[in-house]
Each structure stands twice: as C-alpha cells, then as structure tokens.
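Reproduced below: protein06.cif, with mmCIF, C-alpha atoms and all ligand atoms.
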data_upload
loop_
_atom_site.label_atom_id
_atom_site.label_comp_id
_atom_site.auth_asym_id
_atom_site.auth_seq_id
_atom_site.Cartn_x
_atom_site.Cartn_y
_atom_site.Cartn_z
CA MET L 1 -6.72 26.49 -24.05
CA TYR L 2 -6.37 24.61 -20.77
CA TYR L 3 -8.38 21.41 -20.66
CA ILE L 4 -9.04 18.34 -18.49
CA ASP L 5 -9.37 14.76 -19.78
CA PRO L 6 -11.89 13.13 -17.41
CA HIS L 7 -11.28 9.55 -18.61
CA ILE L 8 -7.86 8.26 -19.68
CA HIS L 9 -5.81 5.22 -18.66
CA MET L 10 -2.34 6.64 -18.29
CA VAL L 11 -0.80 3.46 -16.81
CA SER L 12 -0.99 2.21 -20.42
CA ARG L 13 0.64 5.29 -21.90
CA THR L 14 4.19 6.57 -22.13
CA THR L 15 5.87 9.60 -20.59
CA ASP L 16 6.02 11.00 -24.13
CA ASP L 17 2.21 11.04 -24.04
CA TYR L 18 2.29 13.01 -20.79
CA GLU L 19 4.64 15.51 -22.40
CA THR L 20 2.41 15.87 -25.49
CA LEU L 21 -0.74 16.28 -23.37
CA ALA L 22 0.97 18.96 -21.27
CA LYS L 23 2.07 20.86 -24.38
CA MET L 24 -1.50 20.73 -25.71
CA GLY L 25 -2.92 22.34 -22.56
CA CYS L 26 -3.94 19.35 -20.45
CA VAL L 27 -3.70 20.44 -16.80
CA ALA L 28 -5.52 17.54 -15.13
CA LEU L 29 -6.93 14.13 -15.92
CA SER L 30 -8.81 11.36 -14.19
CA GLU L 31 -8.00 7.71 -14.55
CA PRO L 32 -10.69 5.12 -13.78
CA ALA L 33 -9.59 1.61 -12.84
CA PHE L 34 -10.08 -0.72 -15.81
CA TRP L 35 -9.27 -4.07 -17.37
CA ALA L 36 -5.55 -4.72 -17.83
CA GLY L 37 -6.06 -6.80 -21.00
CA TYR L 38 -5.86 -9.95 -18.88
CA ASP L 39 -7.75 -11.02 -15.76
CA ARG L 40 -5.90 -10.30 -12.54
CA GLY L 41 -5.57 -13.41 -10.44
CA SER L 42 -6.09 -12.16 -6.90
CA VAL L 43 -7.15 -9.32 -4.67
CA ASP L 44 -3.47 -8.51 -4.16
CA GLY L 45 -3.17 -7.89 -7.91
CA PHE L 46 -5.82 -5.18 -7.52
CA ARG L 47 -4.18 -3.80 -4.38
CA ASP L 48 -0.94 -3.31 -6.31
CA TYR L 49 -2.84 -1.68 -9.19
CA PHE L 50 -4.59 0.72 -6.79
CA ARG L 51 -1.21 1.61 -5.28
CA GLN L 52 0.06 2.37 -8.76
CA LEU L 53 -2.99 4.56 -9.50
CA THR L 54 -2.93 6.48 -6.22
CA ASP L 55 0.81 6.89 -5.80
CA PHE L 56 3.20 6.31 -8.70
CA GLU L 57 0.93 7.49 -11.51
CA SER L 58 0.12 10.80 -9.83
CA ARG L 59 3.85 11.46 -9.35
CA ARG L 60 4.54 10.57 -12.99
CA ALA L 61 1.84 13.06 -14.09
CA SER L 62 3.10 15.81 -11.82
CA ASN L 63 6.49 15.71 -13.57
CA TYR L 64 4.65 17.23 -16.54
CA GLY L 65 2.58 19.70 -14.53
CA ILE L 66 -0.55 17.55 -14.88
CA GLN L 67 -2.73 16.80 -11.86
CA HIS L 68 -3.78 13.17 -11.69
CA PHE L 69 -7.05 11.90 -10.17
CA THR L 70 -8.37 8.36 -10.07
CA TRP L 71 -11.36 6.06 -9.50
CA LEU L 72 -11.29 2.54 -8.04
CA CYS L 73 -13.23 -0.67 -8.73
CA ILE L 74 -13.07 -4.11 -10.30
CA ASN L 75 -14.23 -3.71 -13.91
CA ALA L 76 -17.17 -5.44 -15.54
CA LYS L 77 -14.98 -7.75 -17.61
CA GLU L 78 -13.75 -9.42 -14.42
CA ALA L 79 -17.13 -9.36 -12.68
CA GLU L 80 -17.97 -12.89 -13.78
CA ASN L 81 -15.75 -13.94 -10.89
CA VAL L 82 -18.17 -12.76 -8.19
CA GLU L 83 -16.07 -14.13 -5.34
CA LEU L 84 -12.96 -12.18 -6.39
CA SER L 85 -15.12 -9.10 -7.10
CA ARG L 86 -16.42 -9.19 -3.54
CA GLU L 87 -12.89 -9.42 -2.15
CA VAL L 88 -11.88 -6.39 -4.22
CA ILE L 89 -14.95 -4.38 -3.19
CA ALA L 90 -14.17 -5.14 0.46
CA MET L 91 -10.56 -3.95 -0.05
CA ILE L 92 -11.33 -0.67 -1.91
CA PRO L 93 -11.98 1.36 1.29
CA GLU L 94 -8.26 1.01 2.14
CA PHE L 95 -7.66 3.57 -0.64
CA LEU L 96 -10.68 5.87 -0.47
CA ASP L 97 -8.94 8.48 1.64
CA CYS L 98 -5.87 8.69 -0.60
CA SER L 99 -5.44 12.09 -2.20
CA GLY L 100 -6.79 12.22 -5.73
CA VAL L 101 -9.34 9.39 -5.36
CA LEU L 102 -12.60 10.78 -6.75
CA GLY L 103 -14.87 7.77 -6.29
CA ILE L 104 -15.89 4.34 -7.55
CA GLY L 105 -15.33 3.58 -11.24
CA GLU L 106 -15.40 2.69 -13.98
CA ILE L 107 -18.05 0.20 -12.97
CA GLY L 108 -20.80 -0.89 -15.33
CA LEU L 109 -21.69 -3.66 -17.72
CA ASN L 110 -19.79 -5.38 -20.51
CA LYS L 111 -21.98 -8.20 -21.85
CA ASN L 112 -24.98 -7.33 -19.67
CA THR L 113 -24.84 -10.57 -17.67
CA ARG L 114 -26.43 -11.39 -14.35
CA ASN L 115 -23.07 -11.53 -12.56
CA GLU L 116 -22.06 -8.16 -13.97
CA ALA L 117 -25.31 -6.70 -12.63
CA ILE L 118 -24.70 -8.24 -9.19
CA VAL L 119 -21.21 -6.76 -8.97
CA PHE L 120 -22.42 -3.40 -10.34
CA LEU L 121 -25.05 -3.17 -7.58
CA GLU L 122 -22.54 -4.11 -4.89
CA HIS L 123 -20.22 -1.32 -6.08
CA ILE L 124 -23.15 1.11 -5.93
CA ASP L 125 -23.85 -0.01 -2.39
CA LEU L 126 -20.23 0.61 -1.43
CA ALA L 127 -20.35 4.08 -3.03
CA MET L 128 -23.49 4.96 -1.11
CA LYS L 129 -22.12 3.72 2.21
CA THR L 130 -18.87 5.64 1.75
CA ASP L 131 -20.43 8.75 0.13
CA GLU L 132 -18.42 8.39 -3.07
CA GLN L 133 -19.12 9.62 -6.59
CA ILE L 134 -19.60 7.06 -9.37
CA LEU L 135 -18.16 6.76 -12.89
CA ILE L 136 -19.94 4.26 -15.14
CA HIS L 137 -18.76 2.41 -18.26
CA THR L 138 -21.53 1.55 -20.71
CA PRO L 139 -21.01 -1.47 -23.00
CA HIS L 140 -19.65 -1.48 -26.51
CA LEU L 141 -21.50 -1.41 -29.84
CA GLU L 142 -24.38 -3.90 -30.05
CA ASP L 143 -24.60 -4.24 -26.24
CA LYS L 144 -24.68 -0.49 -25.56
CA TYR L 145 -28.37 0.33 -25.82
CA GLN L 146 -29.63 -2.55 -23.71
CA GLY L 147 -26.76 -2.20 -21.22
CA THR L 148 -27.39 1.52 -20.78
CA ARG L 149 -31.09 0.83 -20.17
CA MET L 150 -30.20 -1.80 -17.57
CA ILE L 151 -27.77 0.59 -15.85
CA LEU L 152 -30.32 3.42 -15.76
CA ASP L 153 -32.94 1.04 -14.34
CA MET L 154 -30.58 -0.14 -11.59
CA LEU L 155 -29.52 3.42 -10.72
CA GLY L 156 -33.12 4.63 -10.79
CA SER L 157 -34.25 2.03 -8.30
CA ASP L 158 -31.77 3.19 -5.61
CA SER L 159 -33.19 6.26 -3.90
CA ARG L 160 -29.90 6.96 -2.09
CA ILE L 161 -28.19 8.10 -5.31
CA SER L 162 -27.64 11.80 -6.05
CA ARG L 163 -27.82 11.81 -9.81
CA GLN L 164 -25.57 14.85 -10.25
CA ARG L 165 -22.78 12.79 -8.61
CA VAL L 166 -22.92 10.04 -11.27
CA LEU L 167 -21.20 10.09 -14.67
CA VAL L 168 -22.52 7.70 -17.31
CA ASP L 169 -19.70 7.39 -19.82
CA HIS L 170 -19.30 6.37 -23.48
CA VAL L 171 -22.72 7.72 -24.47
CA GLU L 172 -23.58 7.84 -28.16
CA GLU L 173 -26.46 9.28 -30.18
CA HIS L 174 -28.83 6.49 -29.15
CA THR L 175 -28.07 6.64 -25.40
CA ILE L 176 -27.28 10.28 -24.53
CA ARG L 177 -30.85 11.52 -24.17
CA PRO L 178 -32.11 9.20 -21.40
CA VAL L 179 -28.87 9.77 -19.43
CA LEU L 180 -29.17 13.56 -19.51
CA GLU L 181 -32.95 13.57 -19.01
CA ALA L 182 -32.56 11.45 -15.87
CA GLY L 183 -30.18 14.06 -14.41
CA TYR L 184 -26.85 12.25 -14.70
CA TRP L 185 -23.65 13.54 -16.25
CA ALA L 186 -22.91 12.11 -19.70
CA GLY L 187 -19.43 11.42 -21.10
CA MET L 188 -18.66 11.22 -24.82
CA THR L 189 -15.62 9.12 -25.64
CA LEU L 190 -13.60 10.06 -28.71
CA TYR L 191 -12.16 6.89 -30.16
CA PRO L 192 -10.57 6.35 -33.56
CA VAL L 193 -12.37 3.05 -34.28
CA SER L 194 -15.59 2.91 -32.26
CA LYS L 195 -17.63 4.96 -29.77
CA CYS L 196 -17.64 8.59 -31.01
CA THR L 197 -15.67 10.93 -33.29
CA PRO L 198 -14.95 14.63 -32.54
CA ALA L 199 -17.50 15.58 -35.23
CA ARG L 200 -20.23 13.39 -33.73
CA ALA L 201 -19.46 14.80 -30.27
CA ALA L 202 -19.75 18.34 -31.64
CA ASP L 203 -23.10 17.40 -33.21
CA MET L 204 -24.36 16.19 -29.82
CA VAL L 205 -23.23 19.43 -28.13
CA GLU L 206 -25.17 21.35 -30.78
CA ILE L 207 -28.28 19.27 -30.10
CA TYR L 208 -28.17 18.95 -26.30
CA GLY L 209 -26.10 21.96 -25.15
CA PRO L 210 -23.18 21.85 -22.70
CA GLU L 211 -25.07 21.09 -19.47
CA ARG L 212 -23.63 18.01 -17.66
CA LEU L 213 -21.70 16.98 -20.76
CA LEU L 214 -18.05 15.84 -20.79
CA VAL L 215 -15.66 14.69 -23.52
CA ASN L 216 -12.77 12.30 -22.99
CA SER L 217 -10.22 10.26 -24.92
CA ALA L 218 -10.42 7.06 -22.84
CA GLY L 219 -6.85 6.53 -24.07
CA ASP L 220 -5.68 3.04 -23.07
CA TRP L 221 -3.57 0.11 -24.34
CA GLY L 222 -5.71 -0.46 -27.47
CA PRO L 223 -6.31 1.70 -30.53
CA SER L 224 -7.06 5.09 -28.97
CA LYS L 225 -5.80 8.63 -29.17
CA PRO L 226 -4.75 10.40 -25.96
CA THR L 227 -4.94 13.78 -27.70
CA ALA L 228 -8.56 13.32 -28.79
CA VAL L 229 -9.87 16.15 -26.58
CA PRO L 230 -7.74 18.75 -28.45
CA ASP L 231 -9.18 17.25 -31.67
CA PHE L 232 -12.65 18.02 -30.31
CA ILE L 233 -11.58 21.59 -29.43
CA LEU L 234 -10.35 22.04 -33.00
CA GLU L 235 -13.59 20.65 -34.45
CA MET L 236 -15.65 23.04 -32.31
CA ARG L 237 -13.51 26.01 -33.42
CA ARG L 238 -13.79 24.94 -37.05
CA ARG L 239 -17.56 25.15 -36.68
CA GLY L 240 -17.32 28.66 -35.26
CA HIS L 241 -18.34 27.92 -31.68
CA ASP L 242 -17.13 30.48 -29.19
CA GLU L 243 -14.27 29.81 -26.82
CA GLN L 244 -16.48 30.15 -23.76
CA LEU L 245 -18.67 27.22 -24.81
CA ILE L 246 -15.67 25.03 -25.64
CA ARG L 247 -13.95 25.90 -22.38
CA ARG L 248 -17.08 25.04 -20.44
CA ILE L 249 -17.15 21.51 -21.87
CA VAL L 250 -13.45 20.66 -21.67
CA TYR L 251 -12.50 22.54 -18.49
CA GLU L 252 -15.28 23.94 -16.33
CA ASN L 253 -17.61 20.93 -16.57
CA PRO L 254 -14.99 18.43 -15.36
CA LEU L 255 -14.14 20.82 -12.50
CA ALA L 256 -17.82 21.07 -11.54
CA PHE L 257 -18.29 17.30 -11.57
CA PHE L 258 -15.01 16.43 -9.82
CA GLY L 259 -15.56 19.26 -7.32
CA GLN L 260 -18.30 17.25 -5.64
CA SER L 261 -15.71 14.74 -4.44
CA ARG L 262 -14.18 15.29 -1.00
CA ASN L 263 -10.70 14.39 -2.28
CA PHE L 264 -10.73 16.83 -5.17
CA VAL L 265 -8.15 19.52 -4.54
CA PHE L 266 -7.25 21.44 -7.67
CA GLN L 267 -4.53 23.99 -8.22
CA ARG L 268 -5.80 26.30 -10.91
CA PRO L 269 -3.07 27.00 -13.48
CA ILE L 270 -1.98 30.64 -13.60
ZN ZN N 1 -12.01 3.41 -19.54
#
Just dump the structure as structure tokens.
Amino acid sequence: MYYIDPHIHMVSRTTDDYETLAKMGCVALSEPAFWAGYDRGSVDGFRDYFRQLTDFESRRASNYGIQHFTWLCINAKEAENVELSREVIAMIPEFLDCSGVLGIGEIGLNKNTRNEAIVFLEHIDLAMKTDEQILIHTPHLEDKYQGTRMILDMLGSDSRISRQRVLVDHVEEHTIRPVLEAGYWAGMTLYPVSKCTPARAADMVEIYGPERLLVNSAGDWGPSKPTAVPDFILEMRRRGHDEQLIRRIVYENPLAFFGQSRNFVFQRPI
C-alpha cells in the first residue's frame, strides 16, 4: 500500500532509511523544522537549516522516488530566546515560496512557558499574514494535557484561523477529543518509548473514526522508528479493518490536509 508520513525529520536519518521507506510504499513525507539537539546560535544557523530542508533534502528524497515537503519555524525549545525567535520569524518569508513548503511548523509548546506562548502567537500571526497552514507540536508526557489546553485556547481566540488548515500533532488518548471536536486535524505519533504505539493509534481510530486523523513516525535523531506507519498498517490489518479505511488514514488524509497549501504539488504514483 502506498502511504505518506506527514511528520518525519529526515535530516537526522540515513539514505538507507529512505531506501527502506521507499520499499515499504512511502511515496511522500513532510518534514517540520525542529530542534537539532542543540540550540542554534544565530539566525544564519536557521537560514542554512531552511536551505537544507527546501533544497538538499528534497533532492535526497527524490533519489528514492519519495516526494519531500517541509514546514518552517523556530521550535519551542529555542523559544526562550525571544530575540532570536523574532529574527527567525522575520526571516522565514524568504523561504515561503520555495516548492514543497507547506506552512509554519512545528510550532507549539515544550514546557508551557510564557516565552514559548509569546513565540507561538507570533508564528500564528505570521501564518495568518502569509496565508500559511500550521503544524503544531504538543508537549511531552506530564506537560501534554496542560500544553494542549493552552494551545487550543490560543488558537481559539484568533478568529482569523481556519481550523481545517491546522494540524495539532502528538495527540494521545487524553488530548485527541478536544482537538477533533474543535475542528482541527489531529496527528498520532508512533514512538517506541513515549507518545503512542500502533495498537493505541488503532484503538483511537476505532473510537473516533478516520475523519481529520493522521498517523506519523516523527522519526528523528532520538529513539524513534521511521517505519512506524507500516507498523500501524499491519496492526490495522491484523484487526481486520478494510484496506479502504487504512488507505484513507495513511494516504488520502495527508493528501487532503496538504492539498490546502498553495505549494503542494503532488505526482500521484502510477
Ligand atoms: Zn517533530
């Protein structure tokens, strides 16, 4: 089955991973900007990263027949430096017309601090002024519930936002309902050590149905599994779900969400 991974950090992965993903049916993926594992020191560090995301990485993916899309921002972990964050936000428009750029992301909260909220709102303002879609990271573990509530409150108080153009990612059992009920897309991240397993994701599909639901691997430089979406497909098949439902979640839903972005041009595989 062809599938799309809507959240994976391929700059941290090898060409062997690209080859494996291609063999497993991955035809496209989207790569949000994220934390490098260390704080970047200057706006030029981000400019170089955005060049990597919009140019080199898409060429590397295309060698394996995979279409590469991306999202740009300064992540929440670096948002404590509000001055640098503002410089990055002011620079992002240099890249918004590059092919494959789907919007602003992954923005969000990490420790739910005041500075993170300030930088989150300034990203939202940029997205609204430039008519971009938004991909949102919700915090980890004990910070997730409160952080998700804060994010939904901030989004809900901006009347310019079209909710069907916002993806709230890394939802779990205790956060998925308010995200879907408010009209946003929800992403379930399949991680080996935290977030969600394929079985828990399948449970949530059975409870909430496939509408505005995505699954991703969020593969990165830490413990993660870039082939987690095929694991989800297998789990769904094991439970006897029909291929049409599975295909909707792993292929048609990402296309529907991405398709709202002006830079989304997709070559359907034959
Ligand atoms: Zn991520």
Discussion item. Show me which residues are within 8 Å of ligand ZN 1 (chain N) counting only C-alpha atoms and all ligand atoms, and format the list as a list in words.
Written reply: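 Selection of residues at most 8 Å from ligand ZN 1 (chain N): His7, Ile8, His9, Glu31, Pro32, Ala33, Phe34, Glu106, His137, Ala218, Gly219 and Asp220 of chain L.
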Worksheet item: At most 12 Å from (3.9, 8.5, -21.1), file frame, all atoms listed in the file: which residues, as a list in words?
Response: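 Residues satisfying the cut-off, written out: Ile8, His9, Met10, Val11, Ser12, Arg13, Thr14, Thr15, Asp16, Asp17, Tyr18, Glu19, Thr20, Leu21, Ala22, Glu57, Arg60, Ala61, Ser62, Asn63, Tyr64, Ile66, Gly219, Asp220, Trp221 and Pro226 of chain L.
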Worksheet item: Could you state the separation of atom CA of L:Val193 and atom CA of L:Val215 in Å, given to one decimal place?
Response: 16.2 Å
Discussion item. I'd like the contact shell of L:Cys196 - 9 Å cut-off, only C-alpha atoms, skipping same-chain residues fewer than 4 positions apart - returned as a PyMOL selection string.
Written reply: chain L and resi 170-173+188-192+200-201
Worksheet item: From the list L:Phe258, L:Val265, L:Arg160, L:Gly100, which residue is nearest L:Asp125 when using only C-alpha atoms?
Response: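 Ranked by minimum distance to L:Asp125, first place goes to L:Arg160.
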Discussion item. Just to confirm, what's the straight-line distance from atom CA of L:Arg163 to atom CA of L:Ala182 in Å (one decimal)?
Written reply: 7.7 Å
Practice prompt. Report the distance between atom CA of L:Ala127 and atom CA of L:Ile92 in Å, rounded to one decimal place.
Written response: 10.3 Å
Discussion item. Which residues are near L:Thr54? Cut-off 9 Å, all atoms listed in the file, ignore same chain within fewer than 4 positions. Put them as an MDAnalysis selection string.
Written reply: chainID L and resid 49:50 58:59 68:70 95 98:101
